[in-house]
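Student: Got a structure for you, questions after.
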Amino acid sequence: MALNDETPRLGFDDLEQFRIPQDFQTAQALVDYAVIPLRKPRPQHWFRVHPDIKLESIPFLEVERENGAPELFIVRGDLIQSLADLSGITCRALRLCVCRPSNTPFVWPIKLPTDAGSKLGDWGRSALAIAKTAETQWVRMKSDTHLGAYKWFTSKADWGNPVWPQLELNEILKRSIGENHIIDSLDHTVLRQLRGLE
């Protein structure tokens, strides 16, 4: 709103004018996110995990890139047996998260352990334990290569409850995985490239 000549200019005489209104969190809930990243939590971010918005045991194909993390493609479940010749198939749990301070949402594709007794599965088991803890507490996690798993820290600050995006799960997945990253046919371009057919 533009100031006119009749609007008092208080400067720092009235410090109450700078306080955030109590309905600020409500206003934040109205934010709409065109893109919701698909990634794991970052080591310096405190985050929460939604207790109900999730998908379990979802197959993904990891496609290596020249630089950076592998590109993830979600795979239709009935195609998995036909993809036994390809490396990079993983089973994941998808969890909706938000991180502080701006309640920025992301989807965490937790790689599930494939062998209950394997030490390699400790990464997945620790990630699932962290996700469970983060349903009720703000947590921060980091990799511990000596431990061979993730470790986590819980916040002692009173940050209150997170503000979740007001979206259905299918819409969240459209904005995080993207419809261009669905493998729904054995004739998919990515599969043909990996098999040397194009």
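Residues are named by chain letter and number: chains run A, B, ... in the order of the structure tokens, numbers start at 1 in each chain, and ligands are numbered from 1 in the order shown.
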Once you count only C-alpha atoms, what closest atom pair and distance in Å to one decimal does each residue of segment 28-47 of chain A within 7 Å of segment 126-144 of chain A have, with rows by chain and rising residue number, as a Markdown table?

Tutor:
| residue | atom | partner | partner_atom | distance |
| --- | --- | --- | --- | --- |
| A:Pro43 | CA | A:Lys142 | CA | 5.0 |
| A:Gln44 | CA | A:Arg140 | CA | 6.8 |
| A:His45 | CA | A:Arg140 | CA | 5.9 |
| A:Trp46 | CA | A:Arg140 | CA | 4.7 |
| A:Phe47 | CA | A:Trp138 | CA | 5.4 |

Student: Can you check which parts of segment 64-144 of chain A lie within 9 Å of segment 181-189 of chain A? Per residue, the shortest pair of atoms and distance in Å to one decimal, counting only C-alpha atoms, sorted by chain and number, as JSON lines.

Tutor:
{"residue": "A:Glu71", "atom": "CA", "partner": "A:His181", "partner_atom": "CA", "distance": 8.9}
{"residue": "A:Leu72", "atom": "CA", "partner": "A:His181", "partner_atom": "CA", "distance": 7.2}
{"residue": "A:Phe73", "atom": "CA", "partner": "A:His181", "partner_atom": "CA", "distance": 4.7}
{"residue": "A:Ile74", "atom": "CA", "partner": "A:Ile182", "partner_atom": "CA", "distance": 5.1}
{"residue": "A:Val75", "atom": "CA", "partner": "A:Ile183", "partner_atom": "CA", "distance": 4.8}
{"residue": "A:Arg76", "atom": "CA", "partner": "A:Asp184", "partner_atom": "CA", "distance": 5.3}
{"residue": "A:Gly77", "atom": "CA", "partner": "A:Asp184", "partner_atom": "CA", "distance": 8.8}
{"residue": "A:Leu79", "atom": "CA", "partner": "A:Leu186", "partner_atom": "CA", "distance": 7.2}
{"residue": "A:Ser82", "atom": "CA", "partner": "A:Leu186", "partner_atom": "CA", "distance": 8.0}
{"residue": "A:Leu83", "atom": "CA", "partner": "A:Leu186", "partner_atom": "CA", "distance": 8.4}

Student: Keeping C-alpha atoms, export the residues of the selection given above as an mmCIF file, in the first residue's frame.

Tutor:
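Full text of part_28.cif as output:
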data_model
loop_
_atom_site.group_PDB
_atom_site.id
_atom_site.type_symbol
_atom_site.label_atom_id
_atom_site.label_comp_id
_atom_site.auth_asym_id
_atom_site.auth_seq_id
_atom_site.Cartn_x
_atom_site.Cartn_y
_atom_site.Cartn_z
ATOM 1 C CA GLU A 71 18.319 -39.573 -12.284
ATOM 2 C CA LEU A 72 15.321 -41.415 -10.817
ATOM 3 C CA PHE A 73 12.475 -42.928 -12.829
ATOM 4 C CA ILE A 74 9.445 -44.503 -11.146
ATOM 5 C CA VAL A 75 8.620 -47.900 -12.671
ATOM 6 C CA ARG A 76 5.254 -49.598 -13.086
ATOM 7 C CA GLY A 77 5.268 -52.595 -10.755
ATOM 8 C CA LEU A 79 7.339 -54.414 -15.457
ATOM 9 C CA SER A 82 11.153 -57.967 -17.273
ATOM 10 C CA LEU A 83 13.910 -55.593 -16.096
#

Student: If you run DSSP on this backbone, which residues of segment 20-174 of chain A come out as alpha helix (DSSP H), and could you give them as a list in words?

Tutor: Phe24, Gln25, Thr26, Ala27, Gln28, Asp122, Trp123, Gly124, Arg125, Ser126, Ala127, Leu128, Ala129, Ile130, Ala131, Lys132, Thr133, Leu169, Asn170, Glu171, Ile172, Leu173 and Lys174 of chain A

Student: Quick one: contact table of segment 48-134 of chain A to segment 156-167 of chain A, 12 Å max, nearest atom pair and distance in Å to one decimal per residue, counting only C-alpha atoms, chain and number order, as a tab-separated table?

Tutor:
residue	atom	partner	partner_atom	distance
A:Arg48	CA	A:Pro162	CA	7.1
A:Val49	CA	A:Pro162	CA	9.1
A:His50	CA	A:Trp164	CA	8.0
A:Pro51	CA	A:Trp164	CA	11.2
A:Asp52	CA	A:Trp164	CA	11.6
A:Ile53	CA	A:Leu167	CA	10.0
A:Leu96	CA	A:Trp164	CA	8.8
A:Cys97	CA	A:Trp164	CA	8.3
A:Val98	CA	A:Pro162	CA	7.1
A:Cys99	CA	A:Pro162	CA	8.3
A:Arg100	CA	A:Pro162	CA	8.5
A:Pro101	CA	A:Trp159	CA	9.2
A:Ser102	CA	A:Val163	CA	9.0
A:Asn103	CA	A:Val163	CA	6.0
A:Thr104	CA	A:Trp164	CA	8.7
A:Pro105	CA	A:Pro165	CA	7.2
A:Phe106	CA	A:Pro165	CA	10.0
A:Val107	CA	A:Pro165	CA	11.6
A:Ala134	CA	A:Pro162	CA	10.9

Student: For the residues selected in the previous step, produce a file with C-alpha atoms as an mmCIF file, in the first residue's frame.

Tutor:
data_model
loop_
_atom_site.group_PDB
_atom_site.id
_atom_site.type_symbol
_atom_site.label_atom_id
_atom_site.label_comp_id
_atom_site.auth_asym_id
_atom_site.auth_seq_id
_atom_site.Cartn_x
_atom_site.Cartn_y
_atom_site.Cartn_z
ATOM 1 C CA ARG A 48 9.705 -33.107 9.555
ATOM 2 C CA VAL A 49 8.053 -36.072 7.832
ATOM 3 C CA HIS A 50 4.306 -36.284 7.223
ATOM 4 C CA PRO A 51 2.926 -39.277 9.171
ATOM 5 C CA ASP A 52 0.254 -40.196 6.609
ATOM 6 C CA ILE A 53 1.272 -39.012 3.132
ATOM 7 C CA LEU A 96 6.607 -36.083 2.150
ATOM 8 C CA CYS A 97 8.858 -33.755 4.185
ATOM 9 C CA VAL A 98 9.204 -30.065 4.941
ATOM 10 C CA CYS A 99 12.342 -28.295 6.127
ATOM 11 C CA ARG A 100 12.901 -25.181 8.188
ATOM 12 C CA PRO A 101 12.726 -22.246 8.263
ATOM 13 C CA SER A 102 10.310 -21.755 5.360
ATOM 14 C CA ASN A 103 8.415 -25.083 5.462
ATOM 15 C CA THR A 104 9.808 -25.919 2.011
ATOM 16 C CA PRO A 105 8.416 -29.308 0.905
ATOM 17 C CA PHE A 106 10.337 -32.153 -0.695
ATOM 18 C CA VAL A 107 9.779 -35.868 -1.269
ATOM 19 C CA ALA A 134 10.670 -36.979 12.193
#

Student: Write down as a VMD selection string the residues of segment 59-197 of chain A whose backbone DSSP state falls under strand (DSSP E).

Tutor: chain A and resid 59 to 63 71 to 75 89 to 99 104 to 111 139 to 144 149 to 154 182 to 183

Student: Would you save the residues from that selection as a compact mmCIF listing (two decimals), in the first residue's frame, using N, CA and C atoms?

Tutor:
# COMPACT_ATOMS: atom_id res chain seq x y z
N PRO A 59 9.05 -49.29 -6.93
CA PRO A 59 10.28 -49.52 -7.71
C PRO A 59 10.72 -48.27 -8.47
N PHE A 60 12.03 -48.05 -8.45
CA PHE A 60 12.64 -46.95 -9.20
C PHE A 60 13.81 -47.49 -10.00
N LEU A 61 14.11 -46.81 -11.09
CA LEU A 61 15.31 -47.08 -11.86
C LEU A 61 16.24 -45.90 -11.70
N GLU A 62 17.46 -46.15 -11.21
CA GLU A 62 18.48 -45.12 -11.09
C GLU A 62 19.30 -45.12 -12.39
N VAL A 63 19.33 -43.98 -13.07
CA VAL A 63 20.09 -43.85 -14.31
C VAL A 63 21.26 -42.90 -14.05
N GLU A 71 19.68 -40.02 -11.98
CA GLU A 71 18.32 -39.57 -12.28
C GLU A 71 17.37 -40.71 -11.94
N LEU A 72 16.26 -40.39 -11.27
CA LEU A 72 15.32 -41.42 -10.82
C LEU A 72 14.07 -41.46 -11.69
N PHE A 73 13.70 -42.69 -12.08
CA PHE A 73 12.48 -42.93 -12.83
C PHE A 73 11.63 -43.92 -12.04
N ILE A 74 10.36 -43.58 -11.82
CA ILE A 74 9.45 -44.50 -11.15
C ILE A 74 8.98 -45.53 -12.17
N VAL A 75 8.88 -46.79 -11.74
CA VAL A 75 8.62 -47.90 -12.67
C VAL A 75 7.30 -48.57 -12.30
N ILE A 89 17.89 -50.93 -10.44
CA ILE A 89 16.52 -51.03 -9.92
C ILE A 89 16.60 -51.03 -8.40
N THR A 90 15.86 -50.12 -7.78
CA THR A 90 15.81 -50.04 -6.32
C THR A 90 14.35 -49.98 -5.87
N CYS A 91 14.14 -50.38 -4.64
CA CYS A 91 12.81 -50.30 -4.04
C CYS A 91 12.86 -49.18 -3.00
N ARG A 92 11.89 -48.29 -3.04
CA ARG A 92 11.94 -47.11 -2.18
C ARG A 92 10.62 -46.84 -1.48
N ALA A 93 10.73 -46.13 -0.37
CA ALA A 93 9.56 -45.58 0.33
C ALA A 93 9.58 -44.08 0.09
N LEU A 94 8.46 -43.52 -0.33
CA LEU A 94 8.36 -42.09 -0.60
C LEU A 94 7.70 -41.40 0.58
N ARG A 95 8.37 -40.40 1.12
CA ARG A 95 7.85 -39.68 2.28
C ARG A 95 7.84 -38.18 2.00
N LEU A 96 6.71 -37.54 2.29
CA LEU A 96 6.61 -36.08 2.15
C LEU A 96 7.25 -35.43 3.37
N CYS A 97 8.15 -34.47 3.13
CA CYS A 97 8.86 -33.75 4.19
C CYS A 97 8.74 -32.25 3.98
N VAL A 98 8.99 -31.51 5.04
CA VAL A 98 9.20 -30.07 4.94
C VAL A 98 10.42 -29.72 5.79
N CYS A 99 11.17 -28.71 5.35
CA CYS A 99 12.34 -28.30 6.13
C CYS A 99 12.20 -26.85 6.56
N THR A 104 9.65 -25.52 3.41
CA THR A 104 9.81 -25.92 2.01
C THR A 104 9.61 -27.43 1.88
N PRO A 105 8.67 -27.87 1.02
CA PRO A 105 8.42 -29.31 0.90
C PRO A 105 9.40 -30.01 -0.03
N PHE A 106 9.61 -31.28 0.23
CA PHE A 106 10.34 -32.15 -0.69
C PHE A 106 9.87 -33.58 -0.45
N VAL A 107 10.12 -34.45 -1.42
CA VAL A 107 9.78 -35.87 -1.27
C VAL A 107 11.08 -36.64 -1.11
N TRP A 108 11.15 -37.41 -0.03
CA TRP A 108 12.35 -38.18 0.28
C TRP A 108 12.16 -39.61 -0.23
N PRO A 109 12.93 -40.02 -1.26
CA PRO A 109 12.82 -41.39 -1.78
C PRO A 109 13.79 -42.31 -1.03
N ILE A 110 13.36 -42.87 0.07
CA ILE A 110 14.23 -43.67 0.94
C ILE A 110 14.48 -45.03 0.28
N LYS A 111 15.76 -45.32 0.05
CA LYS A 111 16.12 -46.61 -0.54
C LYS A 111 15.99 -47.69 0.53
N VAL A 139 14.08 -32.96 13.10
CA VAL A 139 15.35 -33.67 13.14
C VAL A 139 16.29 -33.15 12.06
N ARG A 140 17.56 -33.43 12.26
CA ARG A 140 18.60 -33.17 11.26
C ARG A 140 19.41 -34.44 11.15
N MET A 141 19.81 -34.84 9.92
CA MET A 141 20.55 -36.09 9.76
C MET A 141 21.82 -35.86 8.96
N LYS A 142 22.76 -36.75 9.17
CA LYS A 142 23.99 -36.70 8.37
C LYS A 142 24.53 -38.10 8.19
N SER A 143 25.31 -38.28 7.12
CA SER A 143 25.93 -39.57 6.85
C SER A 143 27.10 -39.79 7.78
N ASP A 144 27.26 -41.02 8.23
CA ASP A 144 28.41 -41.40 9.02
C ASP A 144 29.04 -42.62 8.36
N ALA A 149 25.95 -45.80 8.25
CA ALA A 149 24.51 -45.49 8.36
C ALA A 149 24.36 -43.99 8.58
N TYR A 150 23.10 -43.55 8.62
CA TYR A 150 22.82 -42.15 8.96
C TYR A 150 22.68 -42.04 10.48
N LYS A 151 23.08 -40.89 11.01
CA LYS A 151 22.77 -40.58 12.40
C LYS A 151 21.96 -39.30 12.40
N TRP A 152 21.24 -39.07 13.51
CA TRP A 152 20.35 -37.92 13.52
C TRP A 152 20.38 -37.21 14.87
N PHE A 153 19.89 -35.98 14.82
CA PHE A 153 19.84 -35.10 15.98
C PHE A 153 18.42 -34.56 16.08
N THR A 154 17.89 -34.44 17.27
CA THR A 154 16.56 -33.86 17.45
C THR A 154 16.70 -32.46 18.03
N ILE A 182 8.14 -41.39 -15.59
CA ILE A 182 7.38 -42.61 -15.35
C ILE A 182 7.75 -43.62 -16.43
N ILE A 183 8.22 -44.78 -16.02
CA ILE A 183 8.46 -45.88 -16.98
C ILE A 183 7.25 -46.79 -16.91
